[in-house]
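Engineer: Once you've had a glance at the structure underneath, I'll fire off some questions.
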Amino acid sequence: MPTKTQDTTVLHALFGGTFDPIHYGHLRPVEALAAEVGLSRVTLLPNHVPPHRPQPEANAQQRLKMVELAIADNPLFAVDDRELHRTTPSYTIETLEAIRKERGAQLPLAFIIGQDSLLSLHKWHRWQSLLDTCHLLVLARPGYNDRMDTQELQQWLEQHQVTDATQLSLKPQGYIYLADTPQLEISATEIRQRRHQGLNCDDLLPRSVQRYIELQGLYR
Ligand code: ATP
């Protein structure tokens with residue numbers, strides 16, 4: 001009998017991020033997306049940030065812990081910490097190719113990004129290969145253009161876009177789906193800034209994560 005991860009009729013989704021810290025702007029739209037397209041599992045992939053790039057304020061272990069706390073009571077989510085164990089820079093495409101290899105060529109697989117990430121996707125390493133490994137599910141995000149910056153990129157989007165979510169389970173990869181998810185004006189930058197200023201972050205992230213931030217003295 002096939003195991004759950006080999007079931008080729010179920011769409012599996014991955015969600016990468018720095019998660020410095022994880023917040024409701026990540027969690028709530030992804031929960032809505034799961035209901036919208038029928039996802040039973042979303043695996044969060046905290047990024048390894050290479051040394052030449054601006055470093056997160058929380059270290060890798062703290063970012064992982066915050067993700068674990070945020071998803072502890074929600075069976076929709078799992079975490080995969082493989083990028084955090086790397087000592088060399090990890091590109092999303094390489095992680096996705098490794099996961100694709102592990103899960104087999106037939107499994108419908110999706111990578112979730114926010115609208116801001118879609119707009120800058122052409123700056124990602126080997127960005128055009130992303131659709132050779134997975135579908136892209138895009139979360140609406142307030143304040144970002146809903147058209148791509150150039151005609152060429154807009155055409156690329158339209159060539160791959162599907163509006164019927166059932167299509168996503170019929171092919172292993174290659175589609176882009178723009179989700180109609182709630183628009184939450186929350187960013188990790190804002191949370192770090194509010195903390196620096198001693199302001200309350202109650203409605204922005206789970207209480208368990210807030211408590212951990214307090215205990216670790218993060219973002220002061
Ligand atoms: P920062 O403010 O530090 O840049 P962030 O809040 O954008 O961080 P990331 O961890 O960089 O969070 O984001 C991971 C993914 O989540 C990205 O694809 C991003 O587009 C998406 N995302 C983050 N916040 C939101 C939000 N409020 N709505 C929709 N997507 C979001």
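Order determines the names: the first chain of the structure tokens is A, the second B, and so forth; residues in each chain are numbered 1 upward, and ligands are numbered 1 upward as they are shown.
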Do a neighbour search on A:Phe19 at 12 Å with only C-alpha atoms, toss out local chain neighbours closer than 6 positions, and write the hits as a PyMOL selection string.

Structural biologist: chain A and resi 25-27+44-49+56-68+70+79+187-189+191-192+205+209

Engineer: I'd like a table as JSON lines: residues in chain A with an atom no more than 9 Å from ligand 1, each row giving the shortest atom pair and its distance in Å to one decimal, only C-alpha atoms and all ligand atoms counted, sorted by chain and rising residue number.

Structural biologist:
```
{"residue": "A:Phe15", "atom": "CA", "partner": "ligand 1", "partner_atom_place_in_ligand_line": "15 (C)", "distance": 7.0}
{"residue": "A:Gly16", "atom": "CA", "partner": "ligand 1", "partner_atom_place_in_ligand_line": "14 (C)", "distance": 5.8}
{"residue": "A:Gly17", "atom": "CA", "partner": "ligand 1", "partner_atom_place_in_ligand_line": "14 (C)", "distance": 3.5}
{"residue": "A:Thr18", "atom": "CA", "partner": "ligand 1", "partner_atom_place_in_ligand_line": "10 (O)", "distance": 3.8}
{"residue": "A:Phe19", "atom": "CA", "partner": "ligand 1", "partner_atom_place_in_ligand_line": "10 (O)", "distance": 3.9}
{"residue": "A:Asp20", "atom": "CA", "partner": "ligand 1", "partner_atom_place_in_ligand_line": "3 (O)", "distance": 6.0}
{"residue": "A:Pro21", "atom": "CA", "partner": "ligand 1", "partner_atom_place_in_ligand_line": "10 (O)", "distance": 7.2}
{"residue": "A:Ile22", "atom": "CA", "partner": "ligand 1", "partner_atom_place_in_ligand_line": "10 (O)", "distance": 6.6}
{"residue": "A:His23", "atom": "CA", "partner": "ligand 1", "partner_atom_place_in_ligand_line": "6 (O)", "distance": 7.4}
{"residue": "A:Tyr24", "atom": "CA", "partner": "ligand 1", "partner_atom_place_in_ligand_line": "27 (N)", "distance": 7.3}
{"residue": "A:Gly25", "atom": "CA", "partner": "ligand 1", "partner_atom_place_in_ligand_line": "27 (N)", "distance": 3.5}
{"residue": "A:His26", "atom": "CA", "partner": "ligand 1", "partner_atom_place_in_ligand_line": "25 (C)", "distance": 5.1}
{"residue": "A:Leu27", "atom": "CA", "partner": "ligand 1", "partner_atom_place_in_ligand_line": "25 (C)", "distance": 8.6}
{"residue": "A:Arg28", "atom": "CA", "partner": "ligand 1", "partner_atom_place_in_ligand_line": "28 (N)", "distance": 8.5}
{"residue": "A:Pro29", "atom": "CA", "partner": "ligand 1", "partner_atom_place_in_ligand_line": "29 (C)", "distance": 6.4}
{"residue": "A:Val30", "atom": "CA", "partner": "ligand 1", "partner_atom_place_in_ligand_line": "29 (C)", "distance": 8.3}
{"residue": "A:Pro46", "atom": "CA", "partner": "ligand 1", "partner_atom_place_in_ligand_line": "10 (O)", "distance": 7.9}
{"residue": "A:Asn47", "atom": "CA", "partner": "ligand 1", "partner_atom_place_in_ligand_line": "10 (O)", "distance": 8.3}
{"residue": "A:Pro56", "atom": "CA", "partner": "ligand 1", "partner_atom_place_in_ligand_line": "3 (O)", "distance": 7.7}
{"residue": "A:Ile112", "atom": "CA", "partner": "ligand 1", "partner_atom_place_in_ligand_line": "18 (O)", "distance": 6.7}
{"residue": "A:Ile113", "atom": "CA", "partner": "ligand 1", "partner_atom_place_in_ligand_line": "18 (O)", "distance": 3.6}
{"residue": "A:Gly114", "atom": "CA", "partner": "ligand 1", "partner_atom_place_in_ligand_line": "20 (O)", "distance": 3.1}
{"residue": "A:Gln115", "atom": "CA", "partner": "ligand 1", "partner_atom_place_in_ligand_line": "20 (O)", "distance": 5.7}
{"residue": "A:Asp116", "atom": "CA", "partner": "ligand 1", "partner_atom_place_in_ligand_line": "20 (O)", "distance": 5.0}
{"residue": "A:Ser117", "atom": "CA", "partner": "ligand 1", "partner_atom_place_in_ligand_line": "20 (O)", "distance": 4.6}
{"residue": "A:Leu118", "atom": "CA", "partner": "ligand 1", "partner_atom_place_in_ligand_line": "20 (O)", "distance": 7.5}
{"residue": "A:Val138", "atom": "CA", "partner": "ligand 1", "partner_atom_place_in_ligand_line": "30 (N)", "distance": 8.0}
{"residue": "A:Leu139", "atom": "CA", "partner": "ligand 1", "partner_atom_place_in_ligand_line": "29 (C)", "distance": 5.1}
{"residue": "A:Ala140", "atom": "CA", "partner": "ligand 1", "partner_atom_place_in_ligand_line": "29 (C)", "distance": 5.6}
{"residue": "A:Arg141", "atom": "CA", "partner": "ligand 1", "partner_atom_place_in_ligand_line": "28 (N)", "distance": 4.3}
{"residue": "A:Pro142", "atom": "CA", "partner": "ligand 1", "partner_atom_place_in_ligand_line": "28 (N)", "distance": 7.0}
{"residue": "A:Thr181", "atom": "CA", "partner": "ligand 1", "partner_atom_place_in_ligand_line": "29 (C)", "distance": 8.3}
{"residue": "A:Pro182", "atom": "CA", "partner": "ligand 1", "partner_atom_place_in_ligand_line": "28 (N)", "distance": 8.0}
{"residue": "A:Gln183", "atom": "CA", "partner": "ligand 1", "partner_atom_place_in_ligand_line": "28 (N)", "distance": 6.1}
{"residue": "A:Leu184", "atom": "CA", "partner": "ligand 1", "partner_atom_place_in_ligand_line": "27 (N)", "distance": 4.8}
{"residue": "A:Glu185", "atom": "CA", "partner": "ligand 1", "partner_atom_place_in_ligand_line": "27 (N)", "distance": 5.2}
{"residue": "A:Ile186", "atom": "CA", "partner": "ligand 1", "partner_atom_place_in_ligand_line": "27 (N)", "distance": 4.4}
{"residue": "A:Ser187", "atom": "CA", "partner": "ligand 1", "partner_atom_place_in_ligand_line": "6 (O)", "distance": 3.4}
{"residue": "A:Ala188", "atom": "CA", "partner": "ligand 1", "partner_atom_place_in_ligand_line": "6 (O)", "distance": 3.8}
{"residue": "A:Thr189", "atom": "CA", "partner": "ligand 1", "partner_atom_place_in_ligand_line": "2 (O)", "distance": 3.6}
{"residue": "A:Glu190", "atom": "CA", "partner": "ligand 1", "partner_atom_place_in_ligand_line": "2 (O)", "distance": 6.5}
{"residue": "A:Ile191", "atom": "CA", "partner": "ligand 1", "partner_atom_place_in_ligand_line": "2 (O)", "distance": 8.0}
{"residue": "A:Arg192", "atom": "CA", "partner": "ligand 1", "partner_atom_place_in_ligand_line": "3 (O)", "distance": 8.2}
```

Engineer: As an MDAnalysis selection string, which residues of stretch 86-216 of chain A does DSSP assign to alpha helix (DSSP H)?

Structural biologist: chainID A and resid 92:103 115:119 130:133 151:160 188:196 207:216

Engineer: Find the spatial neighbours of A:Leu218, counting only C-alpha atoms, within a cut-off of 9 Å - ignore same-chain residues fewer than 2 positions away - and output them as a compact mmCIF listing (two decimals) with N, CA and C atoms, in the first residue's frame.

Structural biologist:
```
# COMPACT_ATOMS: atom_id res chain seq x y z
N GLU A 57 17.77 38.60 13.13
CA GLU A 57 18.14 38.95 14.52
C GLU A 57 18.14 37.71 15.40
N ALA A 58 17.21 36.80 15.17
CA ALA A 58 17.19 35.53 15.92
C ALA A 58 18.11 34.54 15.22
N ARG A 192 9.57 43.21 14.65
CA ARG A 192 10.89 43.52 15.25
C ARG A 192 10.94 45.00 15.64
N ARG A 195 8.83 45.68 18.71
CA ARG A 195 9.54 45.20 19.91
C ARG A 195 10.65 46.18 20.31
N TYR A 212 8.22 33.15 24.14
CA TYR A 212 9.58 32.71 23.85
C TYR A 212 10.48 33.93 23.53
N ILE A 213 9.92 34.85 22.77
CA ILE A 213 10.67 36.07 22.42
C ILE A 213 11.05 36.83 23.70
N GLU A 214 10.09 36.93 24.61
CA GLU A 214 10.35 37.60 25.90
C GLU A 214 11.46 36.88 26.67
N LEU A 215 11.29 35.55 26.79
CA LEU A 215 12.25 34.76 27.59
C LEU A 215 13.66 34.84 27.03
N GLN A 216 13.77 34.83 25.70
CA GLN A 216 15.08 34.86 25.05
C GLN A 216 15.62 36.30 24.91
N ARG A 220 15.13 43.28 21.14
CA ARG A 220 15.05 44.38 22.11
C ARG A 220 15.76 45.63 21.59
```

Engineer: Tell me which of A:Leu14, A:Leu119, A:His52, A:Ala72 sits closest to A:Ser208, counting only C-alpha atoms.

Structural biologist: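 Closest to A:Ser208, using only C-alpha atoms: A:Ala72.
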
Engineer: Under the rule that only C-alpha atoms are counted, which of A:Gln173, A:Gln154, A:Met148, A:Gly198 is the nearest residue to A:Leu136?

Structural biologist: A:Gln173

Engineer: Can you check which parts of stretch 112-219 of chain A lie within 7 Å of stretch 92-104 of chain A? Per residue, the shortest pair of atoms and distance in Å to one decimal, counting only C-alpha atoms, sorted by chain and number, as a tab-separated table.

Structural biologist:
```
residue	atom	partner	partner_atom	distance
A:Arg126	CA	A:Ile93	CA	6.9
A:Leu130	CA	A:Ile93	CA	5.9
A:Thr133	CA	A:Glu97	CA	6.2
```

Engineer: Next, the residues of the selection above should be written as an mmCIF file, in the first residue's frame with N, CA, C and O atoms.

Structural biologist:
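New file selection_6.cif:
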```
data_model
loop_
_atom_site.group_PDB
_atom_site.id
_atom_site.type_symbol
_atom_site.label_atom_id
_atom_site.label_comp_id
_atom_site.auth_asym_id
_atom_site.auth_seq_id
_atom_site.Cartn_x
_atom_site.Cartn_y
_atom_site.Cartn_z
ATOM 1 N N ARG A 126 18.210 30.469 -10.375
ATOM 2 C CA ARG A 126 17.534 29.514 -11.290
ATOM 3 C C ARG A 126 16.009 29.539 -11.134
ATOM 4 O O ARG A 126 15.364 28.492 -11.052
ATOM 5 N N LEU A 130 12.087 26.588 -10.963
ATOM 6 C CA LEU A 130 11.188 26.301 -9.830
ATOM 7 C C LEU A 130 9.968 25.512 -10.298
ATOM 8 O O LEU A 130 9.562 24.541 -9.669
ATOM 9 N N THR A 133 9.977 21.785 -10.646
ATOM 10 C CA THR A 133 9.970 20.916 -9.461
ATOM 11 C C THR A 133 8.637 20.963 -8.707
ATOM 12 O O THR A 133 8.328 20.051 -7.953
#
```

Engineer: Assign secondary structure with DSSP using the backbone only, and return the residues of stretch 44-153 of chain A in strand (DSSP E or B) as number ranges by chain.

Structural biologist: A: 44-46, 77-79, 109-114, 135-139

Engineer: Take the selection from the previous step and output its residues with C-alpha atoms, as a PDB file, in the first residue's frame.

Structural biologist:
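result.pdb written:
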```
ATOM      1  CA  LEU A  44       7.473  24.936   6.856  1.00  0.00           C
ATOM      2  CA  LEU A  45      11.071  25.321   5.702  1.00  0.00           C
ATOM      3  CA  PRO A  46      13.033  27.890   7.734  1.00  0.00           C
ATOM      4  CA  PHE A  77       1.699  22.113   9.806  1.00  0.00           C
ATOM      5  CA  ALA A  78       5.024  20.299   9.989  1.00  0.00           C
ATOM      6  CA  VAL A  79       8.554  21.678   9.931  1.00  0.00           C
ATOM      7  CA  LEU A 109       4.061  19.280  -4.933  1.00  0.00           C
ATOM      8  CA  ALA A 110       3.615  23.010  -4.309  1.00  0.00           C
ATOM      9  CA  PHE A 111       5.752  25.799  -2.923  1.00  0.00           C
ATOM     10  CA  ILE A 112       3.923  28.646  -1.185  1.00  0.00           C
ATOM     11  CA  ILE A 113       5.111  32.253  -1.496  1.00  0.00           C
ATOM     12  CA  GLY A 114       3.631  35.661  -0.747  1.00  0.00           C
ATOM     13  CA  HIS A 135       3.595  24.385  -8.484  1.00  0.00           C
ATOM     14  CA  LEU A 136       3.651  27.869  -6.977  1.00  0.00           C
ATOM     15  CA  LEU A 137       0.803  28.896  -4.682  1.00  0.00           C
ATOM     16  CA  VAL A 138       0.777  32.629  -4.106  1.00  0.00           C
ATOM     17  CA  LEU A 139      -0.701  34.286  -1.006  1.00  0.00           C
TER      18      LEU A 139
END
```
